[in-house]
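Here is input01.tsv, consisting of TSV, N, CA and C atoms:
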```
chain	number	residue	atom	x	y	z
A	1	MET	N	10.51	-23.01	-4.78
A	1	MET	CA	9.60	-21.94	-5.15
A	1	MET	C	10.45	-20.72	-5.55
A	2	PRO	N	10.22	-20.18	-6.73
A	2	PRO	CA	11.00	-19.01	-7.15
A	2	PRO	C	10.58	-17.75	-6.38
A	3	THR	N	11.44	-16.73	-6.46
A	3	THR	CA	11.07	-15.45	-5.85
A	3	THR	C	9.87	-14.90	-6.61
A	4	ILE	N	9.12	-14.02	-5.96
A	4	ILE	CA	7.96	-13.44	-6.62
A	4	ILE	C	8.16	-11.94	-6.81
A	5	ALA	N	7.75	-11.45	-7.95
A	5	ALA	CA	7.83	-10.02	-8.24
A	5	ALA	C	6.62	-9.34	-7.60
A	6	VAL	N	6.88	-8.25	-6.88
A	6	VAL	CA	5.82	-7.53	-6.20
A	6	VAL	C	5.84	-6.08	-6.68
A	7	SER	N	4.66	-5.51	-6.88
A	7	SER	CA	4.55	-4.12	-7.32
A	7	SER	C	3.94	-3.27	-6.21
A	8	ASP	N	3.96	-1.97	-6.42
A	8	ASP	CA	3.30	-1.07	-5.46
A	8	ASP	C	1.84	-1.48	-5.28
A	9	ALA	N	1.20	-1.88	-6.38
A	9	ALA	CA	-0.23	-2.19	-6.36
A	9	ALA	C	-0.56	-3.42	-5.52
A	10	ASP	N	0.31	-4.45	-5.52
A	10	ASP	CA	-0.02	-5.67	-4.79
A	10	ASP	C	0.86	-5.89	-3.55
A	11	PHE	N	1.64	-4.88	-3.14
A	11	PHE	CA	2.52	-5.02	-1.98
A	11	PHE	C	1.74	-5.36	-0.71
A	12	GLU	N	0.66	-4.63	-0.48
A	12	GLU	CA	-0.12	-4.88	0.74
A	12	GLU	C	-0.66	-6.30	0.78
A	13	THR	N	-1.24	-6.75	-0.32
A	13	THR	CA	-1.82	-8.09	-0.38
A	13	THR	C	-0.75	-9.16	-0.26
A	14	THR	N	0.34	-9.03	-1.02
A	14	THR	CA	1.36	-10.07	-1.10
A	14	THR	C	2.28	-10.09	0.11
A	15	VAL	N	2.65	-8.92	0.62
A	15	VAL	CA	3.64	-8.85	1.69
A	15	VAL	C	3.01	-8.58	3.06
A	16	LEU	N	2.29	-7.48	3.17
A	16	LEU	CA	1.77	-7.08	4.48
A	16	LEU	C	0.70	-8.02	5.02
A	17	ASN	N	-0.08	-8.63	4.13
A	17	ASN	CA	-1.14	-9.54	4.56
A	17	ASN	C	-0.74	-11.01	4.45
A	18	ALA	N	0.55	-11.28	4.22
A	18	ALA	CA	1.01	-12.66	4.07
A	18	ALA	C	0.85	-13.42	5.39
A	19	SER	N	0.67	-14.73	5.29
A	19	SER	CA	0.46	-15.53	6.49
A	19	SER	C	1.76	-15.86	7.22
A	20	GLY	N	2.89	-15.66	6.57
A	20	GLY	CA	4.18	-15.92	7.22
A	20	GLY	C	5.16	-14.82	6.89
A	21	PRO	N	6.42	-14.97	7.31
A	21	PRO	CA	7.42	-13.95	7.03
A	21	PRO	C	7.72	-13.82	5.53
A	22	VAL	N	7.96	-12.58	5.11
A	22	VAL	CA	8.29	-12.31	3.70
A	22	VAL	C	9.55	-11.45	3.66
A	23	LEU	N	10.56	-11.94	2.95
A	23	LEU	CA	11.77	-11.15	2.73
A	23	LEU	C	11.58	-10.38	1.43
A	24	VAL	N	11.70	-9.06	1.49
A	24	VAL	CA	11.55	-8.23	0.30
A	24	VAL	C	12.91	-7.70	-0.10
A	25	ASP	N	13.28	-7.97	-1.35
A	25	ASP	CA	14.52	-7.46	-1.94
A	25	ASP	C	14.17	-6.24	-2.77
A	26	PHE	N	14.56	-5.06	-2.29
A	26	PHE	CA	14.38	-3.84	-3.08
A	26	PHE	C	15.61	-3.73	-3.97
A	27	TRP	N	15.40	-3.76	-5.29
A	27	TRP	CA	16.52	-3.84	-6.23
A	27	TRP	C	16.26	-2.95	-7.44
A	28	ALA	N	17.28	-2.86	-8.31
A	28	ALA	CA	17.15	-2.11	-9.57
A	28	ALA	C	17.96	-2.82	-10.65
A	29	GLU	N	17.49	-2.70	-11.88
A	29	GLU	CA	18.13	-3.35	-13.03
A	29	GLU	C	19.59	-2.90	-13.19
A	30	TRP	N	19.88	-1.65	-12.91
A	30	TRP	CA	21.21	-1.07	-13.11
A	30	TRP	C	22.18	-1.35	-11.96
A	31	CYS	N	21.72	-2.01	-10.93
A	31	CYS	CA	22.50	-2.22	-9.70
A	31	CYS	C	23.32	-3.51	-9.76
A	32	GLY	N	24.64	-3.36	-9.82
A	32	GLY	CA	25.53	-4.53	-9.88
A	32	GLY	C	25.39	-5.45	-8.68
A	33	PRO	N	25.46	-4.92	-7.44
A	33	PRO	CA	25.31	-5.78	-6.27
A	33	PRO	C	23.96	-6.50	-6.22
A	34	CYS	N	22.91	-5.85	-6.76
A	34	CYS	CA	21.59	-6.50	-6.81
A	34	CYS	C	21.66	-7.76	-7.68
A	35	LYS	N	22.36	-7.63	-8.80
A	35	LYS	CA	22.50	-8.78	-9.72
A	35	LYS	C	23.35	-9.87	-9.08
A	36	GLN	N	24.31	-9.48	-8.23
A	36	GLN	CA	25.16	-10.47	-7.56
A	36	GLN	C	24.35	-11.33	-6.59
A	37	ILE	N	23.44	-10.72	-5.84
A	37	ILE	CA	22.70	-11.51	-4.83
A	37	ILE	C	21.45	-12.17	-5.40
A	38	GLY	N	21.06	-11.81	-6.62
A	38	GLY	CA	19.86	-12.40	-7.23
A	38	GLY	C	19.84	-13.92	-7.23
A	39	PRO	N	20.90	-14.57	-7.74
A	39	PRO	CA	20.90	-16.04	-7.75
A	39	PRO	C	20.84	-16.65	-6.35
A	40	ALA	N	21.50	-16.02	-5.38
A	40	ALA	CA	21.46	-16.52	-4.00
A	40	ALA	C	20.03	-16.45	-3.45
A	41	LEU	N	19.34	-15.36	-3.75
A	41	LEU	CA	17.96	-15.23	-3.28
A	41	LEU	C	17.05	-16.26	-3.93
A	42	GLU	N	17.29	-16.55	-5.22
A	42	GLU	CA	16.50	-17.58	-5.90
A	42	GLU	C	16.71	-18.94	-5.22
A	43	GLU	N	17.98	-19.26	-4.90
A	43	GLU	CA	18.28	-20.54	-4.24
A	43	GLU	C	17.66	-20.59	-2.85
A	44	LEU	N	17.80	-19.51	-2.10
A	44	LEU	CA	17.21	-19.46	-0.75
A	44	LEU	C	15.70	-19.57	-0.80
A	45	SER	N	15.09	-19.01	-1.84
A	45	SER	CA	13.64	-19.08	-1.98
A	45	SER	C	13.18	-20.53	-2.06
A	46	SER	N	13.94	-21.34	-2.80
A	46	SER	CA	13.61	-22.76	-2.91
A	46	SER	C	13.94	-23.50	-1.61
A	47	GLU	N	15.13	-23.22	-1.06
A	47	GLU	CA	15.58	-23.93	0.14
A	47	GLU	C	14.71	-23.61	1.36
A	48	MET	N	14.19	-22.40	1.42
A	48	MET	CA	13.43	-21.98	2.61
A	48	MET	C	11.92	-21.92	2.35
A	49	ALA	N	11.48	-22.53	1.25
A	49	ALA	CA	10.05	-22.55	0.93
A	49	ALA	C	9.29	-23.14	2.12
A	50	GLY	N	8.19	-22.50	2.49
A	50	GLY	CA	7.42	-22.95	3.63
A	50	GLY	C	7.82	-22.25	4.92
A	51	THR	N	9.04	-21.69	4.94
A	51	THR	CA	9.52	-20.95	6.11
A	51	THR	C	9.40	-19.46	5.88
A	52	VAL	N	9.85	-19.03	4.71
A	52	VAL	CA	9.83	-17.60	4.36
A	52	VAL	C	9.59	-17.47	2.86
A	53	THR	N	8.84	-16.46	2.47
A	53	THR	CA	8.61	-16.14	1.06
A	53	THR	C	9.59	-15.03	0.70
A	54	ILE	N	10.21	-15.14	-0.48
A	54	ILE	CA	11.12	-14.10	-0.92
A	54	ILE	C	10.51	-13.37	-2.11
A	55	ALA	N	10.36	-12.05	-1.93
A	55	ALA	CA	9.74	-11.21	-2.95
A	55	ALA	C	10.74	-10.15	-3.40
A	56	LYS	N	10.56	-9.65	-4.62
A	56	LYS	CA	11.45	-8.64	-5.18
A	56	LYS	C	10.63	-7.44	-5.65
A	57	VAL	N	11.08	-6.24	-5.28
A	57	VAL	CA	10.44	-5.00	-5.72
A	57	VAL	C	11.45	-4.21	-6.52
A	58	ASN	N	11.15	-3.99	-7.80
A	58	ASN	CA	11.99	-3.15	-8.66
A	58	ASN	C	11.70	-1.70	-8.31
A	59	ILE	N	12.70	-1.00	-7.76
A	59	ILE	CA	12.46	0.35	-7.26
A	59	ILE	C	12.18	1.36	-8.36
A	60	ASP	N	12.67	1.10	-9.57
A	60	ASP	CA	12.43	2.02	-10.68
A	60	ASP	C	10.99	1.92	-11.19
A	61	GLU	N	10.47	0.69	-11.21
A	61	GLU	CA	9.11	0.48	-11.71
A	61	GLU	C	8.06	0.72	-10.62
A	62	ASN	N	8.48	0.65	-9.36
A	62	ASN	CA	7.56	0.78	-8.23
A	62	ASN	C	8.17	1.70	-7.18
A	63	PRO	N	8.15	3.01	-7.40
A	63	PRO	CA	8.82	3.94	-6.48
A	63	PRO	C	8.07	4.19	-5.17
A	64	GLY	N	6.80	3.91	-5.11
A	64	GLY	CA	6.00	4.23	-3.93
A	64	GLY	C	6.38	3.43	-2.70
A	65	THR	N	6.51	2.13	-2.85
A	65	THR	CA	6.80	1.27	-1.69
A	65	THR	C	8.18	1.54	-1.11
A	66	PRO	N	9.25	1.61	-1.92
A	66	PRO	CA	10.56	1.92	-1.33
A	66	PRO	C	10.58	3.27	-0.63
A	67	SER	N	9.87	4.23	-1.18
A	67	SER	CA	9.80	5.56	-0.57
A	67	SER	C	9.11	5.48	0.79
A	68	LYS	N	8.03	4.72	0.86
A	68	LYS	CA	7.27	4.56	2.11
A	68	LYS	C	8.13	3.95	3.22
A	69	TYR	N	9.03	3.02	2.85
A	69	TYR	CA	9.84	2.33	3.84
A	69	TYR	C	11.26	2.90	3.96
A	70	GLY	N	11.49	4.05	3.35
A	70	GLY	CA	12.76	4.74	3.53
A	70	GLY	C	13.96	4.07	2.89
A	71	VAL	N	13.73	3.34	1.80
A	71	VAL	CA	14.84	2.69	1.11
A	71	VAL	C	15.68	3.76	0.43
A	72	ARG	N	16.95	3.83	0.81
A	72	ARG	CA	17.85	4.84	0.26
A	72	ARG	C	18.90	4.25	-0.67
A	73	GLY	N	19.19	2.98	-0.52
A	73	GLY	CA	20.19	2.32	-1.36
A	73	GLY	C	19.72	0.93	-1.72
A	74	VAL	N	20.28	0.41	-2.78
A	74	VAL	CA	19.94	-0.96	-3.19
A	74	VAL	C	21.22	-1.77	-3.32
A	75	PRO	N	21.17	-3.05	-3.04
A	75	PRO	CA	19.98	-3.78	-2.57
A	75	PRO	C	19.70	-3.51	-1.09
A	76	THR	N	18.42	-3.43	-0.77
A	76	THR	CA	17.97	-3.38	0.62
A	76	THR	C	17.06	-4.58	0.82
A	77	LEU	N	17.36	-5.37	1.85
A	77	LEU	CA	16.54	-6.53	2.19
A	77	LEU	C	15.77	-6.20	3.46
A	78	MET	N	14.45	-6.34	3.39
A	78	MET	CA	13.60	-6.11	4.56
A	78	MET	C	12.76	-7.35	4.81
A	79	LEU	N	12.80	-7.80	6.05
A	79	LEU	CA	11.97	-8.93	6.44
A	79	LEU	C	10.71	-8.39	7.09
A	80	PHE	N	9.58	-8.77	6.51
A	80	PHE	CA	8.27	-8.36	7.05
A	80	PHE	C	7.63	-9.56	7.73
A	81	ASN	N	7.04	-9.30	8.89
A	81	ASN	CA	6.29	-10.33	9.59
A	81	ASN	C	5.06	-9.67	10.20
A	82	ASP	N	3.90	-10.24	9.94
A	82	ASP	CA	2.63	-9.67	10.44
A	82	ASP	C	2.47	-8.21	10.03
A	83	GLY	N	2.90	-7.87	8.81
A	83	GLY	CA	2.70	-6.54	8.27
A	83	GLY	C	3.69	-5.50	8.77
A	84	GLN	N	4.67	-5.91	9.55
A	84	GLN	CA	5.66	-4.98	10.12
A	84	GLN	C	7.07	-5.36	9.67
A	85	VAL	N	7.96	-4.36	9.60
A	85	VAL	CA	9.36	-4.64	9.29
A	85	VAL	C	9.99	-5.25	10.54
A	86	ALA	N	10.51	-6.48	10.39
A	86	ALA	CA	11.12	-7.19	11.52
A	86	ALA	C	12.64	-7.03	11.52
A	87	ALA	N	13.23	-6.86	10.34
A	87	ALA	CA	14.69	-6.73	10.23
A	87	ALA	C	15.04	-6.14	8.87
A	88	THR	N	16.18	-5.45	8.80
A	88	THR	CA	16.63	-4.83	7.55
A	88	THR	C	18.13	-4.99	7.39
A	89	LYS	N	18.56	-5.26	6.16
A	89	LYS	CA	19.99	-5.29	5.80
A	89	LYS	C	20.14	-4.51	4.51
A	90	VAL	N	21.19	-3.71	4.41
A	90	VAL	CA	21.47	-2.95	3.20
A	90	VAL	C	22.79	-3.41	2.63
A	91	GLY	N	22.81	-3.66	1.32
A	91	GLY	CA	24.04	-4.05	0.65
A	91	GLY	C	24.07	-5.54	0.33
A	92	ALA	N	24.98	-5.87	-0.59
A	92	ALA	CA	25.13	-7.26	-1.00
A	92	ALA	C	25.94	-8.03	0.03
A	93	MET	N	25.65	-9.31	0.14
A	93	MET	CA	26.42	-10.19	1.01
A	93	MET	C	26.33	-11.60	0.45
A	94	PRO	N	27.26	-12.47	0.83
A	94	PRO	CA	27.22	-13.84	0.32
A	94	PRO	C	25.94	-14.57	0.77
A	95	LYS	N	25.60	-15.60	0.02
A	95	LYS	CA	24.39	-16.38	0.30
A	95	LYS	C	24.39	-16.89	1.75
A	96	SER	N	25.53	-17.36	2.23
A	96	SER	CA	25.60	-17.90	3.59
A	96	SER	C	25.25	-16.83	4.63
A	97	LYS	N	25.70	-15.60	4.40
A	97	LYS	CA	25.40	-14.51	5.34
A	97	LYS	C	23.92	-14.15	5.29
A	98	ILE	N	23.35	-14.14	4.08
A	98	ILE	CA	21.91	-13.86	3.94
A	98	ILE	C	21.12	-14.93	4.68
A	99	ALA	N	21.51	-16.20	4.48
A	99	ALA	CA	20.80	-17.32	5.12
A	99	ALA	C	20.91	-17.23	6.64
A	100	ASP	N	22.11	-16.94	7.15
A	100	ASP	CA	22.29	-16.83	8.61
A	100	ASP	C	21.43	-15.71	9.17
A	101	TRP	N	21.47	-14.54	8.50
A	101	TRP	CA	20.68	-13.38	8.95
A	101	TRP	C	19.19	-13.71	8.92
A	102	LEU	N	18.76	-14.33	7.82
A	102	LEU	CA	17.36	-14.66	7.64
A	102	LEU	C	16.89	-15.67	8.70
A	103	ASN	N	17.68	-16.69	8.94
A	103	ASN	CA	17.31	-17.69	9.95
A	103	ASN	C	17.20	-17.08	11.34
A	104	SER	N	18.15	-16.22	11.71
A	104	SER	CA	18.08	-15.61	13.04
A	104	SER	C	16.93	-14.62	13.12
A	105	ALA	N	16.70	-13.86	12.05
A	105	ALA	CA	15.60	-12.88	12.05
A	105	ALA	C	14.24	-13.56	12.09
A	106	VAL	N	14.08	-14.67	11.36
A	106	VAL	CA	12.80	-15.38	11.32
A	106	VAL	C	12.53	-16.01	12.68
A	107	SER	N	13.55	-16.59	13.30
A	107	SER	CA	13.34	-17.24	14.60
A	107	SER	C	13.09	-16.22	15.71
A	108	ALA	N	13.61	-15.00	15.53
A	108	ALA	CA	13.41	-13.95	16.54
A	108	ALA	C	12.03	-13.29	16.43
A	109	SER	N	11.44	-13.37	15.23
A	109	SER	CA	10.15	-12.66	15.06
A	109	SER	C	8.96	-13.55	15.27
```
Give the structure from this file in structure tokens form.
Amino acid sequence: MPTIAVSDADFETTVLNASGPVLVDFWAEWCGPCKQIGPALEELSSEMAGTVTIAKVNIDENPGTPSKYGVRGVPTLMLFNDGQVAATKVGAMPKSKIADWLNSAVSAS
């Protein structure tokens, strides 16, 4: 399952009201590290389908949601569960580190 693009308008429906955990990647087109982790997130989205949904919010096109959650730098990864932020990581990291963090965060929440 590919990552899904989420906007300010559908964030509540897609992320906060989701039936399972949702990892949100706050990113920007001009952000080099965001582009580095993009392919890893796409792969993880397929590998972890059914466990976690991976969504992407472009901060330039959707400034409201990142502002609401205090996103100051990109990429920022936030794991939401039951409408609440369960875990946050800022900055790029290798796919294996994202997967390890995601697995521990999902099992803890």
Thr76 (chain A) surroundings by only C-alpha atoms, 10 Å radius, close-in-sequence under 3 positions cut, as a VMD selection string: chain A and resid 24 to 27 34 57 66 71 to 73 88 to 92
Backbone DSSP call of helix (DSSP H, G or I) for chain A, listed as a ChimeraX atom specification: /A:11-16,32-47,64-68,95-108
Near-Thr53 (chain A) list (5 Å; all atoms listed in the file; drop same-chain fewer than 6 positions) as a list of chain:residue names: A:Pro21, A:Val22, A:Leu23
Please return as a tab-separated table (two decimals) with N, CA and C atoms, keeping the file's coordinate frame: the residues of region 41-77 of chain A that backbone DSSP assigns to strand (DSSP E).
```
chain	number	residue	atom	x	y	z
A	53	THR	N	8.84	-16.46	2.47
A	53	THR	CA	8.61	-16.14	1.06
A	53	THR	C	9.59	-15.03	0.70
A	54	ILE	N	10.21	-15.14	-0.48
A	54	ILE	CA	11.12	-14.10	-0.92
A	54	ILE	C	10.51	-13.37	-2.11
A	55	ALA	N	10.36	-12.05	-1.93
A	55	ALA	CA	9.74	-11.21	-2.95
A	55	ALA	C	10.74	-10.15	-3.40
A	56	LYS	N	10.56	-9.65	-4.62
A	56	LYS	CA	11.45	-8.64	-5.18
A	56	LYS	C	10.63	-7.44	-5.65
A	57	VAL	N	11.08	-6.24	-5.28
A	57	VAL	CA	10.44	-5.00	-5.72
A	57	VAL	C	11.45	-4.21	-6.52
A	58	ASN	N	11.15	-3.99	-7.80
A	58	ASN	CA	11.99	-3.15	-8.66
A	58	ASN	C	11.70	-1.70	-8.31
A	76	THR	N	18.42	-3.43	-0.77
A	76	THR	CA	17.97	-3.38	0.62
A	76	THR	C	17.06	-4.58	0.82
A	77	LEU	N	17.36	-5.37	1.85
A	77	LEU	CA	16.54	-6.53	2.19
A	77	LEU	C	15.77	-6.20	3.46
```
Best match for closeness to Leu16 (chain A) among A:Thr51, A:Asn81, A:Ser46, A:Gln36, counting all atoms listed in the file: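 Of the candidates, the smallest distance to Leu16 (chain A) is held by A:Asn81.
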Atom-to-atom span, atom C of Thr13 (chain A) and atom C of Ile54 (chain A), Å: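 A separation of 12.2 Å between them.
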Among the residues A:Gly20, A:Thr3, A:Thr14, A:Leu79, the one that comes closest to Leu102 (chain A) [using only N, CA and C atoms]: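 Closest candidate: A:Leu79.
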Residue list as a list in words for point (3.3, -7.4, 7.2), cut-off 7 Å, only N, CA and C atoms: Val15, Leu16, Asn17, Ala18, Phe80, Asn81, Asp82, Gly83, Gln84 and Val85 of chain A
CA of Asn103 (chain A) to atom C of Ser45 (chain A), straight-line distance in Å: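 Here the two named atoms are 13.0 Å from each other.
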Which residues are close to Ala28 (chain A), i.e. within 7 Å by all atoms listed in the file, leaving aside same-chain residues fewer than 5 positions away? Reply as a CSV table (one decimal) with N, CA and C atoms, in the coordinates of the input.
```csv
chain,number,residue,atom,x,y,z
A,34,CYS,N,22.9,-5.8,-6.8
A,34,CYS,CA,21.6,-6.5,-6.8
A,34,CYS,C,21.7,-7.8,-7.7
A,35,LYS,N,22.4,-7.6,-8.8
A,35,LYS,CA,22.5,-8.8,-9.7
A,35,LYS,C,23.4,-9.9,-9.1
A,57,VAL,N,11.1,-6.2,-5.3
A,57,VAL,CA,10.4,-5.0,-5.7
A,57,VAL,C,11.4,-4.2,-6.5
A,58,ASN,N,11.2,-4.0,-7.8
A,58,ASN,CA,12.0,-3.2,-8.7
A,58,ASN,C,11.7,-1.7,-8.3
A,59,ILE,N,12.7,-1.0,-7.8
A,59,ILE,CA,12.5,0.4,-7.3
A,59,ILE,C,12.2,1.4,-8.4
A,60,ASP,N,12.7,1.1,-9.6
A,60,ASP,CA,12.4,2.0,-10.7
A,60,ASP,C,11.0,1.9,-11.2
A,74,VAL,N,20.3,0.4,-2.8
A,74,VAL,CA,19.9,-1.0,-3.2
A,74,VAL,C,21.2,-1.8,-3.3
A,75,PRO,N,21.2,-3.0,-3.0
A,75,PRO,CA,20.0,-3.8,-2.6
A,75,PRO,C,19.7,-3.5,-1.1
```
d(atom C of Gly50 (chain A), atom C of Ser67 (chain A)) in Å: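 It comes out at 28.1 Å.
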Could you write out as JSON the box around region 37-48 of chain A (axis-aligned, all atoms listed in the file, 6 Å on each side), with centre and edge lengths in Å to one decimal?
```
{"center_x": 17.7, "center_y": -17.3, "center_z": -2.6, "size_x": 23.5, "size_y": 25.2, "size_z": 22.4}
```
Spatial neighbours of Leu44 (chain A), 10 Å, only C-alpha atoms, chain gap at least 4 places, as a list in words: Met1, Pro2, Thr3, Gly38, Pro39, Ala40, Met48, Ala49, Val52, Thr53, Ile54, Lys95, Ser96, Ile98, Ala99 and Leu102 of chain A
Please dump the current selection as a PDB file, keeping the file's coordinate frame; keep N, CA and C atoms.
```
ATOM      1  N   MET A   1      10.510 -23.010  -4.780  1.00  0.00           N
ATOM      2  CA  MET A   1       9.600 -21.940  -5.150  1.00  0.00           C
ATOM      3  C   MET A   1      10.450 -20.720  -5.550  1.00  0.00           C
ATOM      4  N   PRO A   2      10.220 -20.180  -6.730  1.00  0.00           N
ATOM      5  CA  PRO A   2      11.000 -19.010  -7.150  1.00  0.00           C
ATOM      6  C   PRO A   2      10.580 -17.750  -6.380  1.00  0.00           C
ATOM      7  N   THR A   3      11.440 -16.730  -6.460  1.00  0.00           N
ATOM      8  CA  THR A   3      11.070 -15.450  -5.850  1.00  0.00           C
ATOM      9  C   THR A   3       9.870 -14.900  -6.610  1.00  0.00           C
ATOM     10  N   GLY A  38      21.060 -11.810  -6.620  1.00  0.00           N
ATOM     11  CA  GLY A  38      19.860 -12.400  -7.230  1.00  0.00           C
ATOM     12  C   GLY A  38      19.840 -13.920  -7.230  1.00  0.00           C
ATOM     13  N   PRO A  39      20.900 -14.570  -7.740  1.00  0.00           N
ATOM     14  CA  PRO A  39      20.900 -16.040  -7.750  1.00  0.00           C
ATOM     15  C   PRO A  39      20.840 -16.650  -6.350  1.00  0.00           C
ATOM     16  N   ALA A  40      21.500 -16.020  -5.380  1.00  0.00           N
ATOM     17  CA  ALA A  40      21.460 -16.520  -4.000  1.00  0.00           C
ATOM     18  C   ALA A  40      20.030 -16.450  -3.450  1.00  0.00           C
ATOM     19  N   MET A  48      14.190 -22.400   1.420  1.00  0.00           N
ATOM     20  CA  MET A  48      13.430 -21.980   2.610  1.00  0.00           C
ATOM     21  C   MET A  48      11.920 -21.920   2.350  1.00  0.00           C
ATOM     22  N   ALA A  49      11.480 -22.530   1.250  1.00  0.00           N
ATOM     23  CA  ALA A  49      10.050 -22.550   0.930  1.00  0.00           C
ATOM     24  C   ALA A  49       9.290 -23.140   2.120  1.00  0.00           C
ATOM     25  N   VAL A  52       9.850 -19.030   4.710  1.00  0.00           N
ATOM     26  CA  VAL A  52       9.830 -17.600   4.360  1.00  0.00           C
ATOM     27  C   VAL A  52       9.590 -17.470   2.860  1.00  0.00           C
ATOM     28  N   THR A  53       8.840 -16.460   2.470  1.00  0.00           N
ATOM     29  CA  THR A  53       8.610 -16.140   1.060  1.00  0.00           C
ATOM     30  C   THR A  53       9.590 -15.030   0.700  1.00  0.00           C
ATOM     31  N   ILE A  54      10.210 -15.140  -0.480  1.00  0.00           N
ATOM     32  CA  ILE A  54      11.120 -14.100  -0.920  1.00  0.00           C
ATOM     33  C   ILE A  54      10.510 -13.370  -2.110  1.00  0.00           C
ATOM     34  N   LYS A  95      25.600 -15.600   0.020  1.00  0.00           N
ATOM     35  CA  LYS A  95      24.390 -16.380   0.300  1.00  0.00           C
ATOM     36  C   LYS A  95      24.390 -16.890   1.750  1.00  0.00           C
ATOM     37  N   SER A  96      25.530 -17.360   2.230  1.00  0.00           N
ATOM     38  CA  SER A  96      25.600 -17.900   3.590  1.00  0.00           C
ATOM     39  C   SER A  96      25.250 -16.830   4.630  1.00  0.00           C
ATOM     40  N   ILE A  98      23.350 -14.140   4.080  1.00  0.00           N
ATOM     41  CA  ILE A  98      21.910 -13.860   3.940  1.00  0.00           C
ATOM     42  C   ILE A  98      21.120 -14.930   4.680  1.00  0.00           C
ATOM     43  N   ALA A  99      21.510 -16.200   4.480  1.00  0.00           N
ATOM     44  CA  ALA A  99      20.800 -17.320   5.120  1.00  0.00           C
ATOM     45  C   ALA A  99      20.910 -17.230   6.640  1.00  0.00           C
ATOM     46  N   LEU A 102      18.760 -14.330   7.820  1.00  0.00           N
ATOM     47  CA  LEU A 102      17.360 -14.660   7.640  1.00  0.00           C
ATOM     48  C   LEU A 102      16.890 -15.670   8.700  1.00  0.00           C
TER      49      LEU A 102
END
```
Among the residues A:Gly32, A:Ile37, A:Ala108, A:Glu12, the one that comes closest to Pro94 (chain A) [using all atoms listed in the file]: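 The shortest atom-to-atom distance to Pro94 (chain A) comes from A:Ile37.
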From A:Gly70, A:Met93, A:Ala5, A:Ala86, residue lying nearest Pro33 (chain A) [all atoms listed in the file]: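 Once distances to Pro33 (chain A) are computed over all atoms listed in the file, the minimum belongs to A:Met93.
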Minimum-distance residue to Glu61 (chain A), chosen among A:Asp100, A:Glu47, A:Glu42, A:Asp8 (using all atoms listed in the file): A:Asp8
From the block I gave, I'd like region 40-53 of chain A written with N, CA and C atoms, as an mmCIF file, in the first residue's frame.
```cif
data_model
loop_
_atom_site.group_PDB
_atom_site.id
_atom_site.type_symbol
_atom_site.label_atom_id
_atom_site.label_comp_id
_atom_site.auth_asym_id
_atom_site.auth_seq_id
_atom_site.Cartn_x
_atom_site.Cartn_y
_atom_site.Cartn_z
ATOM 1 N N ALA A 40 12.178 5.099 1.551
ATOM 2 C CA ALA A 40 12.102 4.188 2.701
ATOM 3 C C ALA A 40 10.680 4.148 3.260
ATOM 4 N N LEU A 41 10.037 5.308 3.328
ATOM 5 C CA LEU A 41 8.663 5.353 3.830
ATOM 6 C C LEU A 41 7.707 4.628 2.897
ATOM 7 N N GLU A 42 7.945 4.753 1.576
ATOM 8 C CA GLU A 42 7.109 4.029 0.613
ATOM 9 C C GLU A 42 7.248 2.516 0.824
ATOM 10 N N GLU A 43 8.500 2.049 1.007
ATOM 11 C CA GLU A 43 8.734 0.615 1.227
ATOM 12 C C GLU A 43 8.098 0.155 2.535
ATOM 13 N N LEU A 44 8.286 0.932 3.589
ATOM 14 C CA LEU A 44 7.696 0.575 4.883
ATOM 15 C C LEU A 44 6.179 0.567 4.824
ATOM 16 N N SER A 45 5.607 1.456 4.020
ATOM 17 C CA SER A 45 4.158 1.507 3.882
ATOM 18 C C SER A 45 3.630 0.181 3.343
ATOM 19 N N SER A 46 4.350 -0.384 2.375
ATOM 20 C CA SER A 46 3.948 -1.687 1.822
ATOM 21 C C SER A 46 4.235 -2.813 2.811
ATOM 22 N N GLU A 47 5.431 -2.780 3.411
ATOM 23 C CA GLU A 47 5.842 -3.855 4.317
ATOM 24 C C GLU A 47 4.986 -3.900 5.590
ATOM 25 N N MET A 48 4.520 -2.749 6.041
ATOM 26 C CA MET A 48 3.774 -2.697 7.299
ATOM 27 C C MET A 48 2.274 -2.486 7.092
ATOM 28 N N ALA A 49 1.811 -2.687 5.862
ATOM 29 C CA ALA A 49 0.379 -2.537 5.567
ATOM 30 C C ALA A 49 -0.418 -3.437 6.512
ATOM 31 N N GLY A 50 -1.478 -2.895 7.080
ATOM 32 C CA GLY A 50 -2.286 -3.648 8.022
ATOM 33 C C GLY A 50 -1.856 -3.415 9.466
ATOM 34 N N THR A 51 -0.612 -2.946 9.655
ATOM 35 C CA THR A 51 -0.101 -2.642 10.994
ATOM 36 C C THR A 51 -0.149 -1.152 11.249
ATOM 37 N N VAL A 52 0.335 -0.395 10.270
ATOM 38 C CA VAL A 52 0.382 1.065 10.394
ATOM 39 C C VAL A 52 0.156 1.685 9.021
ATOM 40 N N THR A 53 -0.539 2.799 8.977
ATOM 41 C CA THR A 53 -0.738 3.565 7.749
ATOM 42 C C THR A 53 0.292 4.681 7.745
#
```
